[in-house]
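Structure file work-v3.cif; described as mmCIF, C-alpha atoms.
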```cif
data_entry
#
loop_
_atom_site.group_PDB
_atom_site.id
_atom_site.type_symbol
_atom_site.label_atom_id
_atom_site.label_comp_id
_atom_site.auth_asym_id
_atom_site.auth_seq_id
_atom_site.Cartn_x
_atom_site.Cartn_y
_atom_site.Cartn_z
ATOM 1 C CA MET A 294 197.056 120.726 -242.068
ATOM 2 C CA THR A 295 195.470 118.286 -244.453
ATOM 3 C CA GLU A 296 191.969 118.445 -245.832
ATOM 4 C CA GLU A 297 189.340 115.761 -245.497
ATOM 5 C CA TYR A 298 188.829 113.340 -248.375
ATOM 6 C CA PRO A 299 186.911 110.068 -248.017
ATOM 7 C CA TYR A 300 189.155 107.194 -249.129
ATOM 8 C CA PRO A 301 190.133 103.757 -247.780
ATOM 9 C CA PRO A 302 193.092 104.553 -245.453
ATOM 10 C CA ASP A 303 194.125 100.896 -245.332
ATOM 11 C CA LYS A 304 194.853 101.013 -249.077
ATOM 12 C CA TYR A 305 196.055 104.582 -249.765
ATOM 13 C CA VAL A 306 198.031 107.391 -248.204
ATOM 14 C CA LEU A 307 196.958 111.004 -248.832
ATOM 15 C CA LEU A 308 199.951 112.861 -250.278
ATOM 16 C CA GLY A 309 198.523 116.250 -251.127
ATOM 17 C CA LYS A 310 196.004 118.279 -253.065
ATOM 18 C CA ILE A 311 195.808 119.567 -256.626
ATOM 19 C CA THR A 312 195.700 123.322 -256.185
ATOM 20 C CA ARG A 313 195.400 124.499 -259.795
ATOM 21 C CA ALA A 314 196.082 123.878 -263.450
ATOM 22 C CA GLN A 315 199.530 124.919 -264.678
ATOM 23 C CA GLY A 316 200.052 125.965 -268.285
ATOM 24 C CA LEU A 317 198.140 124.755 -271.338
ATOM 25 C CA ARG A 318 199.287 121.134 -271.707
ATOM 26 C CA GLY A 319 197.434 119.613 -268.759
ATOM 27 C CA GLU A 320 199.967 119.997 -265.969
ATOM 28 C CA VAL A 321 198.680 120.480 -262.416
ATOM 29 C CA LYS A 322 200.250 122.012 -259.350
ATOM 30 C CA ILE A 323 200.127 119.801 -256.242
ATOM 31 C CA PHE A 324 200.610 120.973 -252.671
ATOM 32 C CA SER A 325 202.443 118.282 -250.685
ATOM 33 C CA PHE A 326 200.935 117.772 -247.219
ATOM 34 C CA SER A 327 204.260 116.434 -245.905
ATOM 35 C CA GLY A 328 206.088 119.609 -246.910
ATOM 36 C CA GLN A 329 208.488 117.492 -248.978
ATOM 37 C CA PRO A 330 207.438 117.773 -252.638
ATOM 38 C CA GLY A 331 210.620 115.953 -253.678
ATOM 39 C CA ASN A 332 209.049 112.717 -252.446
ATOM 40 C CA PHE A 333 206.792 112.744 -255.522
ATOM 41 C CA GLN A 334 209.822 111.814 -257.639
ATOM 42 C CA GLY A 335 209.466 108.230 -256.421
ATOM 43 C CA TYR A 336 205.798 107.845 -257.404
ATOM 44 C CA PRO A 337 205.249 106.476 -260.944
ATOM 45 C CA GLU A 338 201.463 106.703 -260.660
ATOM 46 C CA LEU A 339 198.962 108.628 -258.576
ATOM 47 C CA VAL A 340 195.296 108.195 -257.715
ATOM 48 C CA LEU A 341 192.913 111.137 -257.334
ATOM 49 C CA VAL A 342 189.993 111.399 -254.913
ATOM 50 C CA SER A 343 187.170 113.926 -254.996
ATOM 51 C CA LYS A 344 185.623 115.541 -251.906
ATOM 52 C CA THR A 345 182.718 113.112 -252.368
ATOM 53 C CA GLY A 346 184.981 110.036 -252.350
ATOM 54 C CA ILE A 347 185.119 109.231 -256.063
ATOM 55 C CA ILE A 348 188.475 107.540 -256.641
ATOM 56 C CA SER A 349 190.160 107.557 -260.034
ATOM 57 C CA PRO A 350 192.028 104.625 -261.513
ATOM 58 C CA PRO A 351 195.842 104.899 -261.206
ATOM 59 C CA LEU A 352 197.158 107.723 -263.394
ATOM 60 C CA ALA A 353 200.690 107.446 -264.800
ATOM 61 C CA VAL A 354 203.032 110.346 -264.037
ATOM 62 C CA GLU A 355 204.650 111.432 -267.326
ATOM 63 C CA ASN A 356 206.938 114.011 -265.763
ATOM 64 C CA LEU A 357 207.217 116.359 -262.816
ATOM 65 C CA ARG A 358 209.262 119.207 -261.469
ATOM 66 C CA ILE A 359 209.601 120.744 -258.040
ATOM 67 C CA GLN A 360 208.500 124.361 -257.771
ATOM 68 C CA GLY A 361 209.107 125.731 -254.277
ATOM 69 C CA LYS A 362 206.836 123.912 -251.832
ATOM 70 C CA THR A 363 204.766 122.394 -254.616
ATOM 71 C CA VAL A 364 205.270 119.900 -257.411
ATOM 72 C CA VAL A 365 204.085 120.395 -260.991
ATOM 73 C CA VAL A 366 202.925 117.074 -262.445
ATOM 74 C CA LYS A 367 201.930 115.971 -265.930
ATOM 75 C CA LEU A 368 199.552 113.020 -265.710
ATOM 76 C CA ALA A 369 199.298 110.841 -268.822
ATOM 77 C CA SER A 370 195.522 111.075 -269.141
ATOM 78 C CA VAL A 371 195.287 114.855 -268.612
ATOM 79 C CA THR A 372 196.187 116.425 -271.944
ATOM 80 C CA ASN A 373 194.945 120.022 -271.805
ATOM 81 C CA ARG A 374 194.201 122.887 -269.448
ATOM 82 C CA ASN A 375 190.434 122.221 -269.403
ATOM 83 C CA GLN A 376 190.994 118.670 -268.146
ATOM 84 C CA ALA A 377 193.508 119.960 -265.585
ATOM 85 C CA GLU A 378 191.007 122.532 -264.313
ATOM 86 C CA GLU A 379 188.385 119.770 -263.893
ATOM 87 C CA ILE A 380 190.567 117.981 -261.325
ATOM 88 C CA GLU A 381 191.497 121.072 -259.266
ATOM 89 C CA GLY A 382 190.810 120.523 -255.552
ATOM 90 C CA ARG A 383 191.115 116.738 -255.709
ATOM 91 C CA GLY A 384 193.176 114.866 -253.176
ATOM 92 C CA VAL A 385 196.248 112.984 -254.383
ATOM 93 C CA LEU A 386 196.629 109.407 -253.147
ATOM 94 C CA PHE A 387 199.303 106.758 -253.498
ATOM 95 C CA ALA A 388 198.818 103.033 -252.944
ATOM 96 C CA LYS A 389 200.483 101.969 -249.685
ATOM 97 C CA ASP A 390 201.593 98.636 -251.138
ATOM 98 C CA LEU A 391 203.701 100.520 -253.729
ATOM 99 C CA LEU A 392 205.566 102.660 -251.184
ATOM 100 C CA PRO A 393 209.269 101.868 -250.920
ATOM 101 C CA GLU A 394 210.594 100.883 -247.503
ATOM 102 C CA PRO A 395 211.905 103.990 -245.744
ATOM 103 C CA ALA A 396 215.619 104.381 -245.047
ATOM 104 C CA GLY A 397 216.888 103.781 -241.502
ATOM 105 C CA ASP A 398 216.166 107.266 -240.121
ATOM 106 C CA GLU A 399 213.031 107.877 -242.210
ATOM 107 C CA TYR A 400 209.412 106.971 -241.529
ATOM 108 C CA TYR A 401 205.973 107.367 -243.040
ATOM 109 C CA TRP A 402 203.609 109.716 -241.214
ATOM 110 C CA TYR A 403 200.639 107.410 -241.704
ATOM 111 C CA ARG A 404 202.409 104.669 -239.721
ATOM 112 C CA CYS A 405 202.543 106.961 -236.670
ATOM 113 C CA GLN A 406 198.915 108.087 -236.723
ATOM 114 C CA GLY A 407 196.733 106.462 -234.102
ATOM 115 C CA LYS A 408 199.625 105.015 -232.102
ATOM 116 C CA LEU A 409 199.650 105.222 -228.335
ATOM 117 C CA VAL A 410 202.436 107.443 -226.954
ATOM 118 C CA ARG A 411 204.155 106.461 -223.698
ATOM 119 C CA ASP A 412 207.144 107.857 -221.857
ATOM 120 C CA LEU A 413 210.123 105.786 -220.681
ATOM 121 C CA ASN A 414 208.311 105.011 -217.417
ATOM 122 C CA GLY A 415 205.347 103.547 -219.303
ATOM 123 C CA ARG A 416 203.078 106.502 -218.520
ATOM 124 C CA ASN A 417 200.361 106.967 -221.143
ATOM 125 C CA ILE A 418 200.723 110.424 -222.726
ATOM 126 C CA GLY A 419 198.001 110.086 -225.355
ATOM 127 C CA ARG A 420 197.433 108.993 -228.936
ATOM 128 C CA VAL A 421 198.932 110.428 -232.144
ATOM 129 C CA GLU A 422 196.143 112.348 -233.845
ATOM 130 C CA SER A 423 198.182 113.873 -236.685
ATOM 131 C CA LEU A 424 201.596 115.163 -237.701
ATOM 132 C CA PHE A 425 202.881 118.316 -239.313
ATOM 133 C CA ASN A 426 206.171 119.888 -240.276
ATOM 134 C CA ASN A 427 207.076 123.240 -238.708
ATOM 135 C CA GLY A 428 209.863 123.930 -241.189
ATOM 136 C CA ALA A 429 212.588 122.565 -238.916
ATOM 137 C CA GLN A 430 211.238 119.123 -238.001
ATOM 138 C CA ASP A 431 208.174 116.942 -237.916
ATOM 139 C CA ILE A 432 205.831 117.328 -234.951
ATOM 140 C CA LEU A 433 203.514 114.734 -233.398
ATOM 141 C CA VAL A 434 200.096 116.055 -232.391
ATOM 142 C CA VAL A 435 199.189 113.835 -229.448
ATOM 143 C CA LYS A 436 195.627 113.906 -228.142
ATOM 144 C CA SER A 437 195.359 113.496 -224.370
ATOM 145 C CA GLY A 438 191.773 113.941 -223.224
ATOM 146 C CA LYS A 439 190.810 117.395 -224.489
ATOM 147 C CA GLU A 440 194.442 118.529 -224.730
ATOM 148 C CA GLU A 441 196.720 118.455 -227.759
ATOM 149 C CA ILE A 442 200.369 117.915 -226.916
ATOM 150 C CA LEU A 443 202.980 118.801 -229.525
ATOM 151 C CA ILE A 444 206.044 116.559 -229.441
ATOM 152 C CA PRO A 445 208.983 117.125 -231.819
ATOM 153 C CA ILE A 446 210.155 114.027 -233.660
ATOM 154 C CA THR A 447 213.875 113.753 -233.042
ATOM 155 C CA LYS A 448 216.073 110.734 -232.337
ATOM 156 C CA SER A 449 216.585 111.943 -228.776
ATOM 157 C CA ILE A 450 212.849 112.346 -228.080
ATOM 158 C CA VAL A 451 211.176 109.482 -229.991
ATOM 159 C CA VAL A 452 213.369 106.665 -228.732
ATOM 160 C CA GLY A 453 211.341 103.565 -229.558
ATOM 161 C CA GLU A 454 208.510 102.226 -231.635
ATOM 162 C CA THR A 455 206.361 99.126 -231.791
ATOM 163 C CA ALA A 456 203.437 98.324 -234.055
ATOM 164 C CA GLU A 457 201.056 99.882 -231.491
ATOM 165 C CA GLU A 458 203.019 102.614 -229.720
ATOM 166 C CA LEU A 459 205.764 105.214 -229.711
ATOM 167 C CA ILE A 460 208.108 105.535 -226.746
ATOM 168 C CA VAL A 461 209.238 109.096 -226.026
ATOM 169 C CA ASP A 462 211.824 110.652 -223.756
ATOM 170 C CA PRO A 463 210.650 114.276 -223.684
ATOM 171 C CA PRO A 464 213.061 116.943 -222.491
ATOM 172 C CA PRO A 465 212.484 118.148 -218.918
ATOM 173 C CA GLY A 466 209.498 120.471 -218.746
ATOM 174 C CA LEU A 467 207.929 119.686 -222.140
ATOM 175 C CA LEU A 468 204.944 117.786 -220.769
ATOM 176 C CA ASP A 469 204.739 120.133 -217.752
ATOM 177 C CA LEU A 470 203.921 122.986 -220.148
ATOM 178 C CA TYR A 471 200.706 121.234 -221.092
ATOM 179 C CA ASN A 472 199.854 120.212 -217.522
ATOM 180 C CA GLU A 473 200.297 123.822 -216.328
ATOM 181 C CA ALA A 474 198.126 125.136 -219.164
ATOM 182 C CA GLY A 475 195.414 122.629 -218.224
ATOM 183 C CA ASP A 476 195.621 123.570 -214.512
ATOM 184 C CA SER A 477 195.149 127.278 -215.151
ATOM 185 C CA ARG A 478 191.708 126.877 -216.713
#
```
Could I get this structure in the form of structure tokens?
Amino acid sequence: MTEEYPYPPDKYVLLGKITRAQGLRGEVKIFSFSGQPGNFQGYPELVLVSKTGIISPPLAVENLRIQGKTVVVKLASVTNRNQAEEIEGRGVLFAKDLLPEPAGDEYYWYRCQGKLVRDLNGRNIGRVESLFNNGAQDILVVKSGKEEILIPITKSIVVGETAEELIVDPPPGLLDLYNEAGDSR
């Protein structure tokens, strides 16, 4: 899952983390929290945040390349390995107002977080606490009391959305798995 960095969530979205310096010319390797490093190709500038909440000014992306599950980025102001090593461990942010509108079947994770989740009958299931990708699809982590309910994000399961909530049509038995687990304690 993602790490904790203090930043204004109304202004930025946390994309990933700089894991290490790459080479001698100031490139850095970034782990993408969404599991989709290719998304970085649409970001002309990035903002860095330290664990203590110090936010950098926007840094222009000179070039990048995808390397497995990571992206190697050359930032304009980072010109050598020493500078790259100084920013290892920083979070990578992108300004929300610069994000392109997602295509019809795409969505931004941050827009789902905190939403109420209801089934087709209007029953409250819980609230989206976080999301992750299991390699096959994105998964909602829905907090219901002390329980975490994992709900796959597919067109047949997440059937509606408003500004405040997600409407789900879970397959038979999915929610029962969590109820049974809770009853056996």
Distance query segment 328-339 of chain A at most 8 Å, all atoms listed in the file, self and fewer than 6 positions along chain excluded, as number ranges by chain: A: 351-354, 357, 359, 362-364, 385-388, 426
Ref. answer, residues at most 8 Å from (199.7, 116.9, -250.4) with all atoms listed in the file, as a PDB file with C-alpha atoms, in the coordinates of the input:
```
ATOM      1  CA  THR A 295     195.470 118.286-244.453  1.00  0.00           C
ATOM      2  CA  LEU A 307     196.958 111.004-248.832  1.00  0.00           C
ATOM      3  CA  LEU A 308     199.951 112.861-250.278  1.00  0.00           C
ATOM      4  CA  GLY A 309     198.523 116.250-251.127  1.00  0.00           C
ATOM      5  CA  LYS A 310     196.004 118.279-253.065  1.00  0.00           C
ATOM      6  CA  ILE A 311     195.808 119.567-256.626  1.00  0.00           C
ATOM      7  CA  ILE A 323     200.127 119.801-256.242  1.00  0.00           C
ATOM      8  CA  PHE A 324     200.610 120.973-252.671  1.00  0.00           C
ATOM      9  CA  SER A 325     202.443 118.282-250.685  1.00  0.00           C
ATOM     10  CA  PHE A 326     200.935 117.772-247.219  1.00  0.00           C
ATOM     11  CA  SER A 327     204.260 116.434-245.905  1.00  0.00           C
ATOM     12  CA  GLY A 328     206.088 119.609-246.910  1.00  0.00           C
ATOM     13  CA  GLY A 384     193.176 114.866-253.176  1.00  0.00           C
ATOM     14  CA  VAL A 385     196.248 112.984-254.383  1.00  0.00           C
TER      15      VAL A 385
END
```
Output, as AutoDock Vina command-line options, the centre and edge lengths in Å (one decimal) of the axis-aligned box that contains all listed atoms of segment 414-422 of chain A with 4 Å of margin on each side.
```
--center_x 202.2 --center_y 107.9 --center_z -225.6 --size_x 20.2 --size_y 16.8 --size_z 24.4
```
List every residue of segment 417-459 of chain A that has an atom at most 7 Å from any atom of segment 402-406 of chain A, giving for each one its closest atom pair and the distance in Å to one decimal, counting all atoms listed in the file, sorted by chain and then by ascending residue number, as JSON lines.
```
{"residue": "A:Val421", "atom": "CA", "partner": "A:Gln406", "partner_atom": "CA", "distance": 5.1}
{"residue": "A:Glu422", "atom": "CA", "partner": "A:Gln406", "partner_atom": "CA", "distance": 5.8}
{"residue": "A:Ser423", "atom": "CA", "partner": "A:Gln406", "partner_atom": "CA", "distance": 5.8}
{"residue": "A:Leu424", "atom": "CA", "partner": "A:Trp402", "partner_atom": "CA", "distance": 6.8}
```
Nearest to Lys389 of chain A, restricted to all atoms listed in the file and choosing among A:Val340, A:Ile442, A:Val451, A:Leu467, comes out as A:Val340
For segment 370-374 of chain A, find every residue with an atom within 8 Å (counting all atoms listed in the file), except residues of its own chain fewer than 2 positions away, and show them as a list in words. Ala314, Gln315, Gly316, Leu317, Arg318, Gly319, Glu320, Leu352, Ala353, Lys367, Leu368, Gln376, Ala377 and Glu378 of chain A
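Shortest atom-to-atom contact with Leu409 of chain A among A:Val365, A:Ala456, A:Ile444, A:Leu341: A:Ala456, counting only C-alpha atoms.
The space between atom CA of Gln430 of chain A and atom CA of Val321 of chain A spans 27.5 Å.
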Evaluate the PyMOL selection byres ((chain A and resi 299) around 7) against this structure - the residues, as a PDB file with C-alpha atoms, in the coordinates of the input, please.
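Listing of expr12.pdb after writing:
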```
ATOM      1  CA  GLU A 297     189.340 115.761-245.497  1.00  0.00           C
ATOM      2  CA  TYR A 298     188.829 113.340-248.375  1.00  0.00           C
ATOM      3  CA  TYR A 300     189.155 107.194-249.129  1.00  0.00           C
ATOM      4  CA  LYS A 344     185.623 115.541-251.906  1.00  0.00           C
ATOM      5  CA  THR A 345     182.718 113.112-252.368  1.00  0.00           C
ATOM      6  CA  GLY A 346     184.981 110.036-252.350  1.00  0.00           C
TER       7      GLY A 346
END
```
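For the set A:Gly382, A:Pro463, A:Gly428, A:Pro350, the residue with the smallest atom-to-atom gap to Lys448 of chain A is A:Pro463, counting only C-alpha atoms.
Of note, atom CA of Ile450 of chain A and atom CA of Arg420 of chain A are spaced 15.8 Å apart.
In this model, the gap between atom CA of Thr312 of chain A and atom CA of Glu381 of chain A comes to 5.7 Å.
Distances from A:Asn427, A:Asn356, A:Ser343, A:Ser349 to Arg383 of chain A were compared using all atoms listed in the file, and the smallest one belongs to A:Ser343.
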